[in-house]
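*Asks:* Next comes the structure file final22.pdb, holding PDB, C-alpha atoms, pLDDT in the B column.
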```pdb
ATOM      1  CA  MET K   5       0.000   0.000   0.000  1.00 77.00           C
ATOM      2  CA  PHE K   6       2.828   2.428   0.857  1.00 89.00           C
ATOM      3  CA  LYS K   7       6.144   2.978  -0.861  1.00 93.00           C
ATOM      4  CA  LYS K   8       9.065   1.148   0.781  1.00 95.00           C
ATOM      5  CA  GLU K   9      10.468   4.476   1.943  1.00 96.00           C
ATOM      6  CA  THR K  10       7.235   5.195   3.813  1.00 96.00           C
ATOM      7  CA  GLU K  11       7.077   1.706   5.318  1.00 96.00           C
ATOM      8  CA  TYR K  12      10.641   2.005   6.596  1.00 97.00           C
ATOM      9  CA  ALA K  13      10.021   5.528   7.896  1.00 97.00           C
ATOM     10  CA  LEU K  14       6.902   4.457   9.791  1.00 96.00           C
ATOM     11  CA  ARG K  15       8.528   1.369  11.276  1.00 96.00           C
ATOM     12  CA  GLY K  16      11.709   3.274  12.057  1.00 97.00           C
ATOM     13  CA  MET K  17       9.879   6.136  13.751  1.00 97.00           C
ATOM     14  CA  VAL K  18       7.917   3.712  15.933  1.00 96.00           C
ATOM     15  CA  TYR K  19      11.158   1.902  16.784  1.00 96.00           C
ATOM     16  CA  ILE K  20      12.856   5.191  17.687  1.00 96.00           C
ATOM     17  CA  GLN K  21       9.926   6.146  19.895  1.00 95.00           C
ATOM     18  CA  LEU K  22      10.042   2.744  21.618  1.00 94.00           C
ATOM     19  CA  GLN K  23      13.745   3.163  22.310  1.00 95.00           C
ATOM     20  CA  ASN K  24      13.275   6.760  23.456  1.00 94.00           C
ATOM     21  CA  LEU K  25      10.727   5.514  26.012  1.00 91.00           C
ATOM     22  CA  LYS K  26      13.588   3.377  27.379  1.00 92.00           C
ATOM     23  CA  GLU K  27      15.801   6.490  27.372  1.00 93.00           C
ATOM     24  CA  ARG K  28      17.877   5.208  24.443  1.00 94.00           C
ATOM     25  CA  ARG K  29      18.744   6.834  21.124  1.00 96.00           C
ATOM     26  CA  PRO K  30      19.221   4.215  18.417  1.00 97.00           C
ATOM     27  CA  GLY K  31      21.650   4.739  15.554  1.00 96.00           C
ATOM     28  CA  VAL K  32      21.024   4.035  11.889  1.00 96.00           C
ATOM     29  CA  ALA K  33      22.583   0.556  11.962  1.00 96.00           C
ATOM     30  CA  GLU K  34      20.352  -0.537  14.836  1.00 97.00           C
ATOM     31  CA  ILE K  35      17.228   0.954  13.268  1.00 97.00           C
ATOM     32  CA  ALA K  36      17.946  -0.650   9.893  1.00 97.00           C
ATOM     33  CA  HIS K  37      18.516  -4.029  11.513  1.00 97.00           C
ATOM     34  CA  GLU K  38      15.380  -3.874  13.657  1.00 95.00           C
ATOM     35  CA  ILE K  39      13.063  -2.756  10.869  1.00 96.00           C
ATOM     36  CA  GLU K  40      14.675  -5.120   8.345  1.00 95.00           C
ATOM     37  CA  ALA K  41      15.715  -2.368   5.947  1.00 97.00           C
ATOM     38  CA  PRO K  42      18.894  -1.693   3.976  1.00 97.00           C
ATOM     39  CA  TYR K  43      21.379   0.401   5.965  1.00 97.00           C
ATOM     40  CA  PHE K  44      22.097   3.106   3.376  1.00 97.00           C
ATOM     41  CA  PHE K  45      18.417   3.504   2.449  1.00 97.00           C
ATOM     42  CA  THR K  46      17.548   3.831   6.143  1.00 97.00           C
ATOM     43  CA  ALA K  47      20.295   6.431   6.618  1.00 97.00           C
ATOM     44  CA  LYS K  48      18.962   8.447   3.687  1.00 97.00           C
ATOM     45  CA  ILE K  49      15.373   8.285   4.967  1.00 97.00           C
ATOM     46  CA  PHE K  50      16.272   9.412   8.474  1.00 97.00           C
ATOM     47  CA  GLN K  51      18.560  12.151   7.233  1.00 96.00           C
ATOM     48  CA  ARG K  52      15.567  13.557   5.335  1.00 96.00           C
ATOM     49  CA  LEU K  53      13.243  13.114   8.307  1.00 97.00           C
ATOM     50  CA  ALA K  54      15.724  14.950  10.506  1.00 96.00           C
ATOM     51  CA  LYS K  55      15.934  17.842   8.027  1.00 96.00           C
ATOM     52  CA  ARG K  56      12.125  18.052   8.038  1.00 94.00           C
ATOM     53  CA  GLY K  57      12.017  18.116  11.831  1.00 94.00           C
ATOM     54  CA  PHE K  58      10.360  14.738  12.439  1.00 95.00           C
ATOM     55  CA  VAL K  59      13.365  13.472  14.417  1.00 96.00           C
ATOM     56  CA  LYS K  60      16.521  14.877  15.928  1.00 95.00           C
ATOM     57  CA  SER K  61      19.923  13.258  16.020  1.00 94.00           C
ATOM     58  CA  MET K  62      22.927  13.481  18.294  1.00 91.00           C
ATOM     59  CA  LYS K  63      26.458  12.462  17.445  1.00 90.00           C
ATOM     60  CA  GLY K  64      28.942  10.808  19.734  1.00 85.00           C
ATOM     61  CA  LYS K  65      28.615   8.508  22.709  1.00 84.00           C
ATOM     62  CA  GLY K  66      24.963   8.148  23.697  1.00 81.00           C
ATOM     63  CA  GLY K  67      23.994   9.685  20.385  1.00 88.00           C
ATOM     64  CA  GLY K  68      21.445   8.521  17.867  1.00 95.00           C
ATOM     65  CA  PHE K  69      17.940   9.466  16.834  1.00 96.00           C
ATOM     66  CA  TYR K  70      15.228  10.750  19.097  1.00 95.00           C
ATOM     67  CA  ILE K  71      11.820  12.372  18.947  1.00 95.00           C
ATOM     68  CA  GLU K  72      11.634  15.483  21.066  1.00 92.00           C
ATOM     69  CA  PRO K  73       9.530  14.608  24.121  1.00 86.00           C
ATOM     70  CA  GLU K  74       7.780  17.973  24.146  1.00 84.00           C
ATOM     71  CA  LYS K  75       6.783  17.627  20.501  1.00 79.00           C
ATOM     72  CA  LYS K  76       3.108  16.936  19.923  1.00 82.00           C
ATOM     73  CA  ASP K  77       2.025  13.491  18.839  1.00 91.00           C
ATOM     74  CA  LEU K  78       2.874  12.849  15.190  1.00 93.00           C
ATOM     75  CA  PRO K  79      -0.087  11.592  13.131  1.00 93.00           C
ATOM     76  CA  LEU K  80       0.846   8.870  10.656  1.00 95.00           C
ATOM     77  CA  LYS K  81      -0.885  10.870   7.935  1.00 96.00           C
ATOM     78  CA  GLU K  82       1.519  13.790   8.433  1.00 95.00           C
ATOM     79  CA  LEU K  83       4.536  11.525   8.007  1.00 96.00           C
ATOM     80  CA  ILE K  84       3.022   9.733   4.996  1.00 96.00           C
ATOM     81  CA  ILE K  85       2.227  13.023   3.246  1.00 96.00           C
ATOM     82  CA  ALA K  86       5.759  14.301   3.916  1.00 95.00           C
ATOM     83  CA  ILE K  87       7.196  11.286   2.104  1.00 95.00           C
ATOM     84  CA  GLU K  88       4.628  10.395  -0.547  1.00 93.00           C
ATOM     85  CA  GLY K  89       2.484  13.470  -0.934  1.00 93.00           C
ATOM     86  CA  ASP K  90      -1.284  13.341  -0.516  1.00 91.00           C
ATOM     87  CA  GLU K  91      -2.140  11.235  -3.592  1.00 88.00           C
ATOM     88  CA  LEU K  92      -3.197   8.261  -1.453  1.00 88.00           C
ATOM     89  CA  PHE K  93      -5.790  10.438   0.277  1.00 90.00           C
ATOM     90  CA  VAL K  94      -7.154  12.368  -2.684  1.00 88.00           C
ATOM     91  CA  GLY K  95      -6.104  10.462  -5.808  1.00 87.00           C
ATOM     92  CA  CYS K  96      -7.931   8.121  -8.125  1.00 89.00           C
ATOM     93  CA  GLY K  97      -7.677   4.387  -7.414  1.00 86.00           C
ATOM     94  CA  PHE K  98      -7.456   3.790 -11.146  1.00 87.00           C
ATOM     95  CA  GLY K  99      -4.693   6.385 -11.587  1.00 88.00           C
ATOM     96  CA  LEU K 100      -6.683   8.827 -13.716  1.00 90.00           C
ATOM     97  CA  LYS K 101      -6.072  12.560 -13.405  1.00 89.00           C
ATOM     98  CA  ASN K 102      -9.612  13.653 -14.265  1.00 90.00           C
ATOM     99  CA  CYS K 103     -11.546  11.289 -12.017  1.00 90.00           C
ATOM    100  CA  ASP K 104     -14.259  12.926  -9.900  1.00 89.00           C
ATOM    101  CA  GLU K 105     -17.979  12.615  -9.110  1.00 89.00           C
ATOM    102  CA  SER K 106     -18.996  13.947 -12.533  1.00 92.00           C
ATOM    103  CA  ASN K 107     -16.432  11.846 -14.410  1.00 92.00           C
ATOM    104  CA  PRO K 108     -15.876   8.705 -12.273  1.00 93.00           C
ATOM    105  CA  CYS K 109     -13.425   5.938 -13.103  1.00 92.00           C
ATOM    106  CA  PRO K 110     -14.560   2.286 -12.900  1.00 93.00           C
ATOM    107  CA  LEU K 111     -13.271   2.080  -9.291  1.00 91.00           C
ATOM    108  CA  HIS K 112     -14.382   5.534  -8.155  1.00 91.00           C
ATOM    109  CA  HIS K 113     -17.112   4.683  -5.656  1.00 90.00           C
ATOM    110  CA  GLN K 114     -15.504   1.547  -4.204  1.00 91.00           C
ATOM    111  CA  TYR K 115     -12.067   3.135  -3.924  1.00 91.00           C
ATOM    112  CA  GLY K 116     -13.535   6.280  -2.402  1.00 89.00           C
ATOM    113  CA  MET K 117     -14.810   4.273   0.566  1.00 92.00           C
ATOM    114  CA  ILE K 118     -11.454   2.541   1.009  1.00 92.00           C
ATOM    115  CA  ARG K 119      -9.570   5.822   0.663  1.00 91.00           C
ATOM    116  CA  ASP K 120     -11.792   7.389   3.334  1.00 92.00           C
ATOM    117  CA  GLN K 121     -11.164   4.482   5.712  1.00 94.00           C
ATOM    118  CA  ILE K 122      -7.389   4.692   5.178  1.00 93.00           C
ATOM    119  CA  ASN K 123      -7.573   8.436   5.740  1.00 93.00           C
ATOM    120  CA  ARG K 124      -9.416   7.981   9.060  1.00 93.00           C
ATOM    121  CA  LEU K 125      -7.003   5.252  10.154  1.00 93.00           C
ATOM    122  CA  VAL K 126      -3.798   7.196   9.579  1.00 94.00           C
ATOM    123  CA  ALA K 127      -5.250  10.504  10.779  1.00 93.00           C
ATOM    124  CA  GLY K 128      -6.308   8.874  14.050  1.00 92.00           C
ATOM    125  CA  GLU K 129      -3.086   7.007  14.824  1.00 93.00           C
ATOM    126  CA  THR K 130       0.204   8.562  15.809  1.00 94.00           C
ATOM    127  CA  ILE K 131       3.781   7.336  16.008  1.00 95.00           C
ATOM    128  CA  GLN K 132       3.475   7.641  19.764  1.00 93.00           C
ATOM    129  CA  SER K 133       0.201   5.670  19.964  1.00 91.00           C
ATOM    130  CA  LEU K 134       1.668   2.860  17.869  1.00 92.00           C
ATOM    131  CA  ALA K 135       4.756   2.754  20.073  1.00 91.00           C
ATOM    132  CA  TRP K 136       2.631   2.575  23.239  1.00 88.00           C
ATOM    133  CA  ASN K 137       0.411  -0.124  21.683  1.00 86.00           C
ATOM    134  CA  THR K 138       3.492  -2.111  20.732  1.00 84.00           C
ATOM    135  CA  LEU K 139       4.996  -1.691  24.192  1.00 77.00           C
ATOM    136  CA  ASN K 140       1.819  -2.447  26.137  1.00 78.00           C
ATOM    137  CA  LYS K 141       0.655  -5.379  24.054  1.00 72.00           C
ATOM    138  CA  THR K 142       4.116  -6.808  23.343  1.00 53.00           C
ATOM    139  CA  LEU K 143       3.254  -6.921  19.663  1.00 53.00           C
ATOM    140  CA  ALA K 144       5.860  -8.288  17.281  1.00 55.00           C
ATOM    141  CA  PHE K 145       7.826  -5.389  15.873  1.00 58.00           C
ATOM    142  CA  SER K 146       9.732  -7.314  13.232  1.00 55.00           C
ATOM    143  CA  ARG K 147       9.459 -10.833  11.887  1.00 49.00           C
ATOM    144  CA  GLU K 148      12.682 -11.767  13.658  1.00 51.00           C
ATOM    145  CA  ASN K 149      11.364 -10.601  17.031  1.00 49.00           C
ATOM    146  CA  ALA K 150       8.063 -12.374  16.419  1.00 45.00           C
ATOM    147  CA  GLU K 151       9.883 -15.664  15.854  1.00 46.00           C
ATOM    148  CA  GLU K 152      11.768 -15.255  19.127  1.00 45.00           C
ATOM    149  CA  ARG K 153       8.534 -15.173  21.155  1.00 38.00           C
TER     150      ARG K 153
END
```
Give the structure from this file in structure tokens form.
*Replies:*
Amino acid sequence: MFKKETEYALRGMVYIQLQNLKERRPGVAEIAHEIEAPYFFTAKIFQRLAKRGFVKSMKGKGGGFYIEPEKKDLPLKELIIAIEGDELFVGCGFGLKNCDESNPCPLHHQYGMIRDQINRLVAGETIQSLAWNTLNKTLAFSRENAEER
């Protein structure tokens, strides 16, 4: 459903938040390993996210990525739009540029309902809420961790 970059960003941000709750700041290598993503791609993603203010980073001993504690909760939709744009939330499921109520594509009405549900889902969830859900319910974060349980 999402581009790989978005998937890695979402998983990485939740992982960072989980580690920050334990008063840790993970580095790129740790994040990439835990979210099962290529190291250099992960580094590029988090460099961009840091430039956009989604995360901060510290160098040196005890350094790594962190989400500022005083920052408001980050809706998934905000992060998704920053990476992919808003096409998922407003675009045509058939990929047409001129699709609307007066000129609907073959998927217009069915996709509209799905698009609205996705929009509500990602607007209502935050990086912080997913981290707390993962922490409180001991949900599997990666396939590797799921196999260890």
*Asks:* Counting only C-alpha atoms, figure out which residue out of K:Cys109, K:Ala127, K:Trp136, K:Gly16 gets nearest to His37 in chain K.
*Replies:*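 Looking only at the distances to His37 in chain K, the closest residue turns out to be K:Gly16.
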*Asks:* Mind checking which residues fall within 9 Å of Leu134 in chain K, counting all atoms listed in the file, ignoring those fewer than 5 positions away in the same chain, and posting them as a list in words?
*Replies:*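 Residues meeting the cut-off are Val18, Glu129 and Leu139 of chain K.
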*Asks:* What is the CA of Asn140 in chain K to CA of Lys7 in chain K distance in Å?
*Replies:*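 Atom-to-atom, CA of Asn140 in chain K to CA of Lys7 in chain K, that is 27.9 Å.
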*Asks:* Could you spell out the hits of the PyMOL selection byres ((chain K and resi 55-59) around 9) on the shown file, as a list of chain:residue names?
*Replies:*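 In the shown coordinates, the PyMOL selection byres ((chain K and resi 55-59) around 9) covers K:Met17, K:Ile20, K:Phe50, K:Gln51, K:Arg52, K:Leu53, K:Ala54, K:Lys60, K:Ser61, K:Phe69, K:Tyr70, K:Ile71, K:Glu72, K:Leu78, K:Leu83, K:Ala86.
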*Asks:* Taking the file above as input, evaluate the PyMOL selection byres ((chain K and resi 84) around 10) and report the hits as a list in words.
*Replies:*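 Expected selection for the PyMOL selection byres ((chain K and resi 84) around 10) here is Phe6, Lys7, Glu9, Thr10, Glu11, Ala13, Leu14, Pro79, Leu80, Lys81, Glu82, Leu83, Ile85, Ala86, Ile87, Glu88, Gly89, Asp90, Leu92 and Val126 of chain K.
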*Asks:* Could you check the closest approach to Met5 in chain K for each of K:Pro73, K:Gly31, K:Gly128, K:Gly97 and tell me which residue wins, using only C-alpha atoms?
*Replies:*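 The shortest atom-to-atom distance to Met5 in chain K comes from K:Gly97.
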*Asks:* How far is it from CA of Ile122 in chain K to CA of Pro108 in chain K, in Å with one decimal?
*Replies:*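 CA of Pro108 in chain K lies at a distance of 19.8 Å from CA of Ile122 in chain K.
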*Asks:* Expressed in Å to a single decimal, how great is the separation between CA of Leu125 in chain K and CA of Thr138 in chain K?
*Replies:*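 Result for CA of Leu125 in chain K versus CA of Thr138 in chain K: 16.6 Å, one decimal.
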*Asks:* Nearest residue to Gly68 in chain K out of K:Ser133, K:Asn24, K:Asn107, K:Thr46, using all atoms listed in the file?
*Replies:*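 Residue with the minimum atom-to-atom distance to Gly68 in chain K: K:Asn24.
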*Asks:* What box, with edges along x, y and z, holds each listed atom of range 99-115 of chain K when 4 Å is added on every side, and can you state its centre and edge lengths in Å to one decimal, as lines of an AutoDock Vina configuration file?
*Replies:*
```
center_x = -11.8
center_y = 7.7
center_z = -9.2
size_x = 22.3
size_y = 20.4
size_z = 18.5
```
*Asks:* For the point (-14.8, 7.0, -3.7) in file coordinates, what residues are within 10 Å, counting only C-alpha atoms? Give the answer as a ChimeraX atom specification?
*Replies:* /K:94-97,103-105,108-109,111-120
*Asks:* Nearest residue to Arg29 in chain K out of K:Lys65, K:Pro110, K:Lys48, K:Ala41, using only C-alpha atoms?
*Replies:*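 Among the listed residues, the smallest separation from Arg29 in chain K belongs to K:Lys65.
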*Asks:* Which residue out of K:Phe93, K:Asp77, K:Glu34, K:Ser106 has the minimum interatomic distance to Thr130 in chain K when only C-alpha atoms are used?
*Replies:* K:Asp77
*Asks:* Give as a ChimeraX atom specification each residue that has an atom at most 6 Å from (12.9, -0.8, 7.6) in the file, counting all atoms listed in the file.
*Replies:* /K:12,36,39-41
